[in-house]
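For reference, final-v1.pdb (PDB, C-alpha atoms and all ligand atoms):
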```
MODEL        1
ATOM      1  CA  MET A   1     161.285-113.672  59.664
ATOM      2  CA  ILE A   2     164.645-113.880  57.913
ATOM      3  CA  GLU A   3     167.378-115.828  59.624
ATOM      4  CA  ILE A   4     170.996-115.554  58.502
ATOM      5  CA  THR A   5     173.290-117.935  60.306
ATOM      6  CA  SER A   6     177.089-118.016  60.347
ATOM      7  CA  MET A   7     177.469-116.619  56.837
ATOM      8  CA  SER A   8     181.019-116.268  55.500
ATOM      9  CA  LYS A   9     182.398-115.198  52.151
ATOM     10  CA  THR A  10     186.028-115.062  51.056
ATOM     11  CA  PHE A  11     187.009-113.587  47.701
ATOM     12  CA  ASN A  12     190.000-115.005  45.819
ATOM     13  CA  ALA A  13     190.453-117.818  48.334
ATOM     14  CA  GLY A  14     193.834-119.504  48.248
ATOM     15  CA  THR A  15     195.505-116.652  46.363
ATOM     16  CA  THR A  16     197.653-113.762  47.533
ATOM     17  CA  ASN A  17     194.545-111.576  47.110
ATOM     18  CA  GLU A  18     192.484-113.659  49.550
ATOM     19  CA  ASN A  19     189.972-111.406  51.272
ATOM     20  CA  LYS A  20     187.494-112.495  53.946
ATOM     21  CA  ALA A  21     184.692-110.045  53.181
ATOM     22  CA  LEU A  22     182.142-111.697  55.497
ATOM     23  CA  ASP A  23     183.214-113.439  58.632
ATOM     24  CA  ASP A  24     180.669-115.655  60.389
ATOM     25  CA  VAL A  25     177.803-113.170  60.213
ATOM     26  CA  SER A  26     174.488-114.017  61.871
ATOM     27  CA  LEU A  27     171.478-111.723  61.679
ATOM     28  CA  THR A  28     167.764-112.066  62.304
ATOM     29  CA  ILE A  29     165.354-109.706  60.578
ATOM     30  CA  ARG A  30     161.910-109.794  62.074
ATOM     31  CA  GLU A  31     158.655-108.861  60.397
ATOM     32  CA  ASN A  32     158.356-105.089  60.285
ATOM     33  CA  GLU A  33     162.070-104.580  60.953
ATOM     34  CA  PHE A  34     163.813-101.874  58.946
ATOM     35  CA  ILE A  35     167.545-102.186  59.543
ATOM     36  CA  THR A  36     170.055 -99.554  58.482
ATOM     37  CA  VAL A  37     173.634-100.708  57.938
ATOM     38  CA  ILE A  38     176.671 -98.480  58.376
ATOM     39  CA  GLY A  39     180.408 -99.108  58.248
ATOM     40  CA  GLY A  40     183.548 -97.855  56.544
ATOM     41  CA  ASN A  41     184.652 -98.624  52.983
ATOM     42  CA  GLY A  42     185.282-102.312  52.507
ATOM     43  CA  ALA A  43     183.499-103.272  55.750
ATOM     44  CA  GLY A  44     181.437-105.925  53.942
ATOM     45  CA  LYS A  45     178.074-104.150  53.698
ATOM     46  CA  SER A  46     177.454-104.742  49.983
ATOM     47  CA  THR A  47     178.837-108.265  50.229
ATOM     48  CA  LEU A  48     176.305-108.930  52.993
ATOM     49  CA  ILE A  49     173.345-107.999  50.830
ATOM     50  CA  ASN A  50     174.795-109.512  47.663
ATOM     51  CA  CYS A  51     175.162-112.810  49.521
ATOM     52  CA  ILE A  52     171.597-112.592  50.828
ATOM     53  CA  SER A  53     170.241-111.853  47.334
ATOM     54  CA  GLY A  54     172.204-114.779  45.893
ATOM     55  CA  MET A  55     174.372-112.585  43.688
ATOM     56  CA  TYR A  56     177.397-114.067  45.477
ATOM     57  CA  LYS A  57     177.566-117.691  46.508
ATOM     58  CA  ILE A  58     178.439-118.009  50.179
ATOM     59  CA  ASP A  59     181.165-120.309  51.517
ATOM     60  CA  THR A  60     179.435-121.316  54.728
ATOM     61  CA  GLY A  61     176.205-120.504  56.534
ATOM     62  CA  THR A  62     172.493-120.522  55.786
ATOM     63  CA  ILE A  63     169.809-118.043  54.781
ATOM     64  CA  GLN A  64     166.232-118.807  55.751
ATOM     65  CA  ILE A  65     163.253-116.773  54.626
ATOM     66  CA  GLU A  66     160.146-117.562  56.608
ATOM     67  CA  LYS A  67     161.600-120.943  57.564
ATOM     68  CA  GLU A  68     162.450-121.837  53.956
ATOM     69  CA  ASP A  69     166.129-122.479  53.410
ATOM     70  CA  VAL A  70     166.949-120.428  50.302
ATOM     71  CA  THR A  71     170.731-120.996  50.542
ATOM     72  CA  PRO A  72     170.853-123.381  47.553
ATOM     73  CA  LEU A  73     168.645-121.172  45.356
ATOM     74  CA  PRO A  74     170.245-119.139  42.551
ATOM     75  CA  VAL A  75     169.698-115.397  42.365
ATOM     76  CA  HIS A  76     166.742-115.557  39.932
ATOM     77  CA  LYS A  77     164.856-117.983  42.173
ATOM     78  CA  ARG A  78     165.530-115.900  45.284
ATOM     79  CA  ALA A  79     164.179-112.879  43.402
ATOM     80  CA  LYS A  80     160.731-114.331  44.060
ATOM     81  CA  TYR A  81     161.177-113.378  47.720
ATOM     82  CA  ILE A  82     163.611-110.498  47.575
ATOM     83  CA  GLY A  83     163.327-106.975  46.179
ATOM     84  CA  MET A  84     166.496-104.995  45.587
ATOM     85  CA  VAL A  85     167.406-101.422  44.681
ATOM     86  CA  PHE A  86     171.005-100.577  43.800
ATOM     87  CA  GLN A  87     173.139 -97.470  44.174
ATOM     88  CA  ASP A  88     173.215 -96.839  40.428
ATOM     89  CA  PRO A  89     169.922 -95.394  39.105
ATOM     90  CA  LEU A  90     170.737 -96.993  35.719
ATOM     91  CA  LYS A  91     170.657-100.510  37.160
ATOM     92  CA  GLY A  92     167.105-101.204  38.277
ATOM     93  CA  THR A  93     165.160-100.132  35.197
ATOM     94  CA  VAL A  94     165.297-100.558  31.401
ATOM     95  CA  PRO A  95     165.909 -97.085  29.882
ATOM     96  CA  SER A  96     164.753 -97.965  26.352
ATOM     97  CA  MET A  97     161.359 -99.093  27.636
ATOM     98  CA  THR A  98     158.467 -96.974  28.893
ATOM     99  CA  ILE A  99     157.420 -96.615  32.521
ATOM    100  CA  ARG A 100     154.427 -98.871  31.746
ATOM    101  CA  GLU A 101     156.651-101.568  30.199
ATOM    102  CA  ASN A 102     159.049-101.466  33.133
ATOM    103  CA  LEU A 103     156.177-101.816  35.588
ATOM    104  CA  ILE A 104     154.753-104.719  33.578
ATOM    105  CA  ILE A 105     158.108-106.515  33.719
ATOM    106  CA  ALA A 106     158.100-106.109  37.504
ATOM    107  CA  TYR A 107     154.459-107.134  37.702
ATOM    108  CA  ILE A 108     154.798-110.372  35.736
ATOM    109  CA  LYS A 109     158.069-111.342  37.421
ATOM    110  CA  ASN A 110     157.761-114.916  38.680
ATOM    111  CA  GLN A 111     154.257-115.217  37.308
ATOM    112  CA  PHE A 112     153.194-117.575  34.591
ATOM    113  CA  HIS A 113     150.658-115.450  32.815
ATOM    114  CA  GLY A 114     152.442-113.349  30.227
ATOM    115  CA  LEU A 115     152.635-109.890  28.835
ATOM    116  CA  GLN A 116     149.283-110.134  27.000
ATOM    117  CA  LEU A 117     147.383-110.667  30.228
ATOM    118  CA  ALA A 118     149.314-107.930  31.947
ATOM    119  CA  LEU A 119     148.437-105.374  29.304
ATOM    120  CA  ASN A 120     144.998-104.151  30.156
ATOM    121  CA  LYS A 121     143.367-101.012  31.409
ATOM    122  CA  LYS A 122     142.967-102.299  34.932
ATOM    123  CA  LYS A 123     146.742-102.656  35.203
ATOM    124  CA  ASP A 124     147.224 -99.104  33.923
ATOM    125  CA  ASP A 125     144.877 -97.824  36.618
ATOM    126  CA  MET A 126     146.773 -99.761  39.249
ATOM    127  CA  PHE A 127     150.123 -98.499  37.962
ATOM    128  CA  ARG A 128     148.817 -94.913  37.942
ATOM    129  CA  GLU A 129     147.548 -95.289  41.488
ATOM    130  CA  LYS A 130     150.916 -96.563  42.705
ATOM    131  CA  LEU A 131     152.890 -93.938  40.769
ATOM    132  CA  GLN A 132     150.710 -91.218  42.257
ATOM    133  CA  LEU A 133     151.822 -92.269  45.744
ATOM    134  CA  LEU A 134     155.395 -91.346  44.799
ATOM    135  CA  GLY A 135     154.319 -87.711  44.399
ATOM    136  CA  LEU A 136     156.604 -87.184  41.392
ATOM    137  CA  GLY A 137     153.979 -86.708  38.695
ATOM    138  CA  LEU A 138     154.891 -89.986  36.976
ATOM    139  CA  GLU A 139     151.279 -91.184  36.911
ATOM    140  CA  ASP A 140     150.693 -89.138  33.738
ATOM    141  CA  LYS A 141     153.824 -90.441  32.046
ATOM    142  CA  LEU A 142     153.183 -94.150  31.542
ATOM    143  CA  ASN A 143     154.310 -93.839  27.901
ATOM    144  CA  TYR A 144     157.548 -92.010  28.776
ATOM    145  CA  LYS A 145     160.800 -93.802  28.081
ATOM    146  CA  VAL A 146     162.525 -94.420  31.417
ATOM    147  CA  GLY A 147     165.788 -93.122  29.949
ATOM    148  CA  LEU A 148     164.215 -89.645  29.972
ATOM    149  CA  LEU A 149     163.669 -89.662  33.741
ATOM    150  CA  SER A 150     165.945 -88.063  36.332
ATOM    151  CA  GLY A 151     168.048 -90.226  38.648
ATOM    152  CA  GLY A 152     165.638 -89.649  41.534
ATOM    153  CA  GLN A 153     162.595 -90.528  39.438
ATOM    154  CA  ARG A 154     164.337 -93.698  38.263
ATOM    155  CA  GLN A 155     165.232 -94.727  41.812
ATOM    156  CA  ALA A 156     161.647 -94.125  42.948
ATOM    157  CA  LEU A 157     160.437 -96.214  40.001
ATOM    158  CA  SER A 158     162.945 -98.974  40.860
ATOM    159  CA  LEU A 159     161.619 -98.928  44.396
ATOM    160  CA  LEU A 160     158.065 -99.246  43.138
ATOM    161  CA  MET A 161     159.061-102.092  40.812
ATOM    162  CA  SER A 162     160.818-103.954  43.643
ATOM    163  CA  THR A 163     157.754-103.692  45.849
ATOM    164  CA  ILE A 164     154.920-104.016  43.306
ATOM    165  CA  HIS A 165     154.474-107.490  44.769
ATOM    166  CA  ILE A 166     155.352-107.070  48.421
ATOM    167  CA  PRO A 167     158.673-108.899  48.864
ATOM    168  CA  LYS A 168     159.538-110.916  51.954
ATOM    169  CA  LEU A 169     162.743-108.895  52.179
ATOM    170  CA  LEU A 170     163.841-105.609  50.630
ATOM    171  CA  LEU A 171     167.554-104.880  50.131
ATOM    172  CA  LEU A 172     168.665-101.296  49.493
ATOM    173  CA  ASP A 173     172.326-100.745  48.657
ATOM    174  CA  GLU A 174     172.996 -97.013  49.106
ATOM    175  CA  HIS A 175     170.087 -96.423  46.754
ATOM    176  CA  THR A 176     170.050 -92.653  47.305
ATOM    177  CA  SER A 177     173.782 -91.949  47.366
ATOM    178  CA  ALA A 178     173.977 -90.925  43.686
ATOM    179  CA  LEU A 179     171.187 -88.358  44.133
ATOM    180  CA  ASP A 180     171.427 -84.704  45.135
ATOM    181  CA  PRO A 181     170.598 -84.036  48.825
ATOM    182  CA  PHE A 182     167.061 -82.780  48.132
ATOM    183  CA  THR A 183     166.155 -85.702  45.854
ATOM    184  CA  SER A 184     167.859 -88.138  48.205
ATOM    185  CA  GLU A 185     165.616 -86.950  51.086
ATOM    186  CA  LYS A 186     162.562 -87.297  48.869
ATOM    187  CA  VAL A 187     163.411 -90.845  47.766
ATOM    188  CA  LEU A 188     164.191 -91.805  51.366
ATOM    189  CA  LYS A 189     160.832 -90.498  52.496
ATOM    190  CA  ILE A 190     159.143 -92.539  49.722
ATOM    191  CA  THR A 191     161.201 -95.564  50.807
ATOM    192  CA  ASN A 192     160.152 -95.131  54.414
ATOM    193  CA  ASP A 193     156.476 -94.826  53.448
ATOM    194  CA  ILE A 194     156.525 -97.945  51.260
ATOM    195  CA  VAL A 195     158.470 -99.990  53.831
ATOM    196  CA  THR A 196     156.468 -98.999  56.887
ATOM    197  CA  GLN A 197     153.024 -99.059  55.263
ATOM    198  CA  ASN A 198     153.622-102.535  53.877
ATOM    199  CA  ARG A 199     155.627-103.781  56.885
ATOM    200  CA  ILE A 200     158.435-105.011  54.634
ATOM    201  CA  PRO A 201     161.507-106.423  56.401
ATOM    202  CA  THR A 202     164.262-104.209  54.990
ATOM    203  CA  ILE A 203     168.028-103.817  55.053
ATOM    204  CA  MET A 204     169.301-100.424  53.897
ATOM    205  CA  ILE A 205     172.994 -99.621  53.523
ATOM    206  CA  THR A 206     173.925 -95.983  53.937
ATOM    207  CA  HIS A 207     177.054 -93.913  54.452
ATOM    208  CA  ASN A 208     174.933 -91.129  55.875
ATOM    209  CA  MET A 209     174.893 -91.533  59.666
ATOM    210  CA  GLU A 210     172.007 -89.083  60.004
ATOM    211  CA  HIS A 211     169.883 -91.227  57.684
ATOM    212  CA  ALA A 212     170.991 -94.372  59.514
ATOM    213  CA  LEU A 213     169.619 -92.959  62.766
ATOM    214  CA  GLN A 214     166.583 -91.239  61.277
ATOM    215  CA  TYR A 215     165.237 -94.212  59.349
ATOM    216  CA  GLY A 216     164.438 -97.751  60.386
ATOM    217  CA  ASN A 217     164.074 -99.352  63.775
ATOM    218  CA  ARG A 218     167.546-100.862  64.179
ATOM    219  CA  THR A 219     171.024 -99.862  63.055
ATOM    220  CA  ILE A 220     173.904-102.270  62.701
ATOM    221  CA  MET A 221     177.526-101.361  62.255
ATOM    222  CA  MET A 222     179.941-103.477  60.212
ATOM    223  CA  ASN A 223     183.710-103.623  60.249
ATOM    224  CA  ARG A 224     186.077-106.124  58.607
ATOM    225  CA  GLY A 225     183.281-108.468  57.569
ATOM    226  CA  LYS A 226     181.645-108.608  60.987
ATOM    227  CA  ILE A 227     178.660-106.973  62.638
ATOM    228  CA  ILE A 228     180.375-105.179  65.482
ATOM    229  CA  MET A 229     177.468-103.291  66.999
ATOM    230  CA  GLY A 230     173.681-103.089  67.007
ATOM    231  CA  ILE A 231     171.633-100.077  68.060
ATOM    232  CA  SER A 232     168.011-100.679  69.009
ATOM    233  CA  ASP A 233     165.063 -98.439  68.161
ATOM    234  CA  GLU A 234     165.055 -96.972  71.667
ATOM    235  CA  GLU A 235     168.804 -96.293  71.607
ATOM    236  CA  LYS A 236     168.581 -94.749  68.135
ATOM    237  CA  LYS A 237     166.250 -92.069  69.449
ATOM    238  CA  LYS A 238     168.830 -91.079  72.083
ATOM    239  CA  THR A 239     171.875 -91.310  69.813
ATOM    240  CA  SER A 240     173.338 -88.362  67.922
ATOM    241  CA  VAL A 241     175.532 -88.541  64.829
ATOM    242  CA  ASN A 242     178.504 -87.580  67.024
ATOM    243  CA  ASP A 243     177.706 -90.423  69.465
ATOM    244  CA  LEU A 244     177.556 -92.795  66.514
ATOM    245  CA  ILE A 245     180.920 -91.642  65.139
ATOM    246  CA  GLN A 246     182.429 -92.006  68.603
ATOM    247  CA  LYS A 247     180.986 -95.514  69.040
ATOM    248  CA  PHE A 248     182.311 -96.438  65.603
ATOM    249  CA  SER A 249     185.828 -95.172  66.403
ATOM    250  CA  MET A 250     185.825 -96.999  69.745
ATOM    251  CA  GLN A 251     184.616-100.275  68.255
ATOM    252  CA  THR A 252     187.011-100.211  65.305
ATOM    253  CA  GLU A 253     189.896 -99.340  67.622
ATOM    254  CA  GLU A 254     188.931-102.280  69.894
ATOM    255  CA  ASN A 255     188.897-104.555  66.861
ATOM    256  CA  ALA A 256     192.282-103.290  65.774
ATOM    257  CA  ILE A 257     193.688-103.913  69.286
ATOM    258  CA  SER A 258     192.305-107.466  69.445
ATOM    259  CA  ASP A 259     193.652-108.139  65.908
ATOM    260  CA  ARG A 260     197.082-106.967  67.051
ATOM    261  CA  MET A 261     196.845-109.256  70.106
ATOM    262  CA  VAL A 262     196.046-112.260  67.887
ATOM    263  CA  LEU A 263     198.973-111.428  65.634
TER     264      LEU A 263
HETATM  265  N1  LIG B 301     183.531-109.187  43.553
HETATM  266  C1  LIG B 301     184.568-109.024  44.393
HETATM  267  N2  LIG B 301     185.747-109.605  44.157
HETATM  268  C2  LIG B 301     186.788-109.470  45.004
HETATM  269  N3  LIG B 301     186.730-108.754  46.145
HETATM  270  C3  LIG B 301     185.580-108.139  46.431
HETATM  271  C4  LIG B 301     184.425-108.237  45.581
HETATM  272  N4  LIG B 301     183.415-107.523  46.131
HETATM  273  C5  LIG B 301     183.907-107.011  47.271
HETATM  274  N5  LIG B 301     185.188-107.373  47.455
HETATM  275  C6  LIG B 301     186.041-107.009  48.595
HETATM  276  O1  LIG B 301     185.350-107.383  49.777
HETATM  277  C7  LIG B 301     185.520-106.401  50.791
HETATM  278  C8  LIG B 301     184.157-105.895  51.233
HETATM  279  O2  LIG B 301     183.616-105.165  50.139
HETATM  280  P1  LIG B 301     182.152-104.539  50.182
HETATM  281  O3  LIG B 301     181.890-103.981  48.828
HETATM  282  O4  LIG B 301     181.212-105.528  50.718
HETATM  283  O5  LIG B 301     182.351-103.366  51.247
HETATM  284  P2  LIG B 301     181.373-102.187  51.607
HETATM  285  O6  LIG B 301     181.262-102.155  53.098
HETATM  286  O7  LIG B 301     180.105-102.295  50.851
HETATM  287  O8  LIG B 301     182.238-100.952  51.117
HETATM  288  P3  LIG B 301     181.811 -99.544  50.463
HETATM  289  O9  LIG B 301     181.216 -98.740  51.554
HETATM  290  O10 LIG B 301     183.098 -99.005  49.993
HETATM  291  O11 LIG B 301     180.861 -99.819  49.336
HETATM  292  C9  LIG B 301     186.403-105.301  50.195
HETATM  293  O12 LIG B 301     187.734-105.522  50.617
HETATM  294  C10 LIG B 301     186.268-105.508  48.699
HETATM  295  O13 LIG B 301     187.432-105.114  48.017
ENDMDL
END
```
Re-express the file's structure as structure tokens.
Amino acid sequence: MIEITSMSKTFNAGTTNENKALDDVSLTIRENEFITVIGGNGAGKSTLINCISGMYKIDTGTIQIEKEDVTPLPVHKRAKYIGMVFQDPLKGTVPSMTIRENLIIAYIKNQFHGLQLALNKKKDDMFREKLQLLGLGLEDKLNYKVGLLSGGQRQALSLLMSTIHIPKLLLLDEHTSALDPFTSEKVLKITNDIVTQNRIPTIMITHNMEHALQYGNRTIMMNRGKIIMGISDEEKKKTSVNDLIQKFSMQTEENAISDRMVL
């Protein structure tokens, strides 16, 4: 279980550009929970996952992963527990290296035995087996330079690399938004298979309301650095995209009214 308690993050504190991007956010992610996150531009979605991953240092609050307080750990130490796939297909892989070399880097991450030990036939078989599950024909291309792959293939590979050792938490920041609709669907389906088969607690940010409802077993909505609404698995099944847009408009309007009252 992952427990986030009262997490806040302000950018440019004490300056005229001060911006409270996360405002006292608490969130529990249970084993097997796949949470989709929606919200308008600047709502704080990426800041939420960047704070969880350790990319941004938080001002207040705690992050516990299976009862271990990881709040003081820097990003590279948290990487032992957390897998992450970014929006940009160029970010998660090394283009000048082959698929095999990229997978080896992911495989030896946080492990003491080095490259030598990782380079053997058994590993190749394991890599091929995992690549085959993606259904993209990459299992025959271990020697291909990753820079030659399409955006969708690279995102699928990033996903595989992030989950080659099952992480305690997987963070997906709009990881299909740079892909064409067909490829995006394909990568989402692969994501769903990997996440559900391995029961990986997951947070996925998306701007696509249909995907937010279709995937995962809980949806949360963010606005102005706060989680303003949660939709359970049961509710998701009964909610349409139009319902979701309506709920979002109502909630953001309520927030705007209460902000005006405070002012
Ligand atoms: N590194 C940063 N430095 C300063 N301000 C930042 C930084 N990162 C984010 N912000 C600000 O924090 C707020 C929340 O940004 P964030 O990227 O988390 O929103 P988001 O919900 O992911 O938006 P989008 O859907 O547009 O990606 C925004 O006002 C943004 O300008």
Give, as AutoDock Vina command-line options, the centre coordinates and the x, y and z edge lengths in Å to one decimal for an axis-aligned box around all listed atoms of ligand LIG 301 (chain B), padded by 6 Å on each side.
```
--center_x 183.9 --center_y -104.2 --center_z 48.3 --size_x 19.6 --size_y 22.9 --size_z 21.5
```
Care to translate the PyMOL selection byres (((chain A and resi 173-189) around 8) and not hetatm) into actual residues of this file, as a CSV table (one decimal) with C-alpha atoms, in the coordinates of the input?
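Output below, filename expr_7.csv:
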```csv
chain,number,residue,atom,x,y,z
A,46,SER,CA,177.5,-104.7,50.0
A,49,ILE,CA,173.3,-108.0,50.8
A,84,MET,CA,166.5,-105.0,45.6
A,85,VAL,CA,167.4,-101.4,44.7
A,86,PHE,CA,171.0,-100.6,43.8
A,87,GLN,CA,173.1,-97.5,44.2
A,88,ASP,CA,173.2,-96.8,40.4
A,89,PRO,CA,169.9,-95.4,39.1
A,151,GLY,CA,168.0,-90.2,38.6
A,152,GLY,CA,165.6,-89.6,41.5
A,155,GLN,CA,165.2,-94.7,41.8
A,156,ALA,CA,161.6,-94.1,42.9
A,171,LEU,CA,167.6,-104.9,50.1
A,172,LEU,CA,168.7,-101.3,49.5
A,190,ILE,CA,159.1,-92.5,49.7
A,191,THR,CA,161.2,-95.6,50.8
A,192,ASN,CA,160.2,-95.1,54.4
A,193,ASP,CA,156.5,-94.8,53.4
A,204,MET,CA,169.3,-100.4,53.9
A,205,ILE,CA,173.0,-99.6,53.5
A,206,THR,CA,173.9,-96.0,53.9
A,207,HIS,CA,177.1,-93.9,54.5
```
Set the distance at 6 Å and use all atoms listed in the file: which residues neighbour stretch 90-98 of chain A once local chain neighbours fewer than 5 positions away are removed? I'd like the list as a PyMOL selection string.
chain A and resi 143-147+158
With the cut-off set at 6 Å and counting all atoms listed in the file, tabulate each residue of chain A with an atom at most that distance from an atom of ligand LIG 301 (chain B), showing the nearest atom pair and its distance in Å to one decimal, ordered by chain and increasing number, as a tab-separated table.
```
residue	atom	partner	partner_atom	distance
A:Phe11	CA	B:LIG301	C2	4.9
A:Ala21	CA	B:LIG301	O1	4.4
A:Gly40	CA	B:LIG301	O9	5.6
A:Asn41	CA	B:LIG301	O10	3.4
A:Gly42	CA	B:LIG301	O5	3.4
A:Ala43	CA	B:LIG301	O6	3.6
A:Gly44	CA	B:LIG301	O4	3.3
A:Lys45	CA	B:LIG301	O6	3.8
A:Ser46	CA	B:LIG301	O7	3.7
A:Thr47	CA	B:LIG301	O4	3.7
```
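With only the atoms specified (all atoms listed in the file) counting, those residues at most 12 Å away from (148.7, -99.6, 45.0) are A:Tyr107, A:Lys122, A:Lys123, A:Asp124, A:Asp125, A:Met126, A:Phe127, A:Arg128, A:Glu129, A:Lys130, A:Leu131, A:Gln132, A:Leu133, A:Leu134, A:Glu139, A:Leu160, A:Met161, A:Thr163, A:Ile164, A:His165, A:Ile166, A:Ile194, A:Gln197, A:Asn198.
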Selection under test: the PyMOL selection byres (((chain A and resi 236) around 8) and not hetatm); residues as a PyMOL selection string
chain A and resi 213-214+217-219+231-235+237-240
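The spacing separating atom CA of A:Asp24 from atom CA of A:Ile227 amounts to 9.2 Å.
Minimum atom-to-atom distances from A:Thr10, A:Thr202, A:Gln64, A:Thr36 to A:Pro167 were compared using all atoms listed in the file, and the lowest value belongs to A:Thr202.
Across the model, the gap from atom CA of A:Ile105 to atom CA of A:Arg30 is 28.8 Å.
Candidate residues A:Pro201, A:Gly83, A:Gly54, A:Gly216 were compared for distance to A:Asn32, and the nearest is A:Pro201, using all atoms listed in the file.
Nearest residue to A:Glu68 among A:Ile38, A:Ile2, A:Ala13, A:Ile104 is A:Ile2, counting all atoms listed in the file.
Excluding A:Lys57 and any residue on its chain fewer than 5 positions from it, the residues at most 10 Å away by all atoms listed in the file are A:Ser8, A:Lys9, A:Thr10, A:Asn50, A:Cys51, A:Ile52, A:Thr71, A:Pro72, A:Leu73, A:Pro74, A:Val75.
Atom CA of A:Lys80 sits 27.6 Å away from atom CA of A:Lys141.
Minimum atom-to-atom distance to A:Met209, evaluated using only C-alpha atoms, belongs to A:Val37 out of A:Lys109, A:Val37, A:Ile65, A:Gln153.
When only C-alpha atoms are used to measure the gap to A:His76, the shortest distance among A:Ile35, A:Ile63, A:Ile220, A:Met55 belongs to A:Met55.
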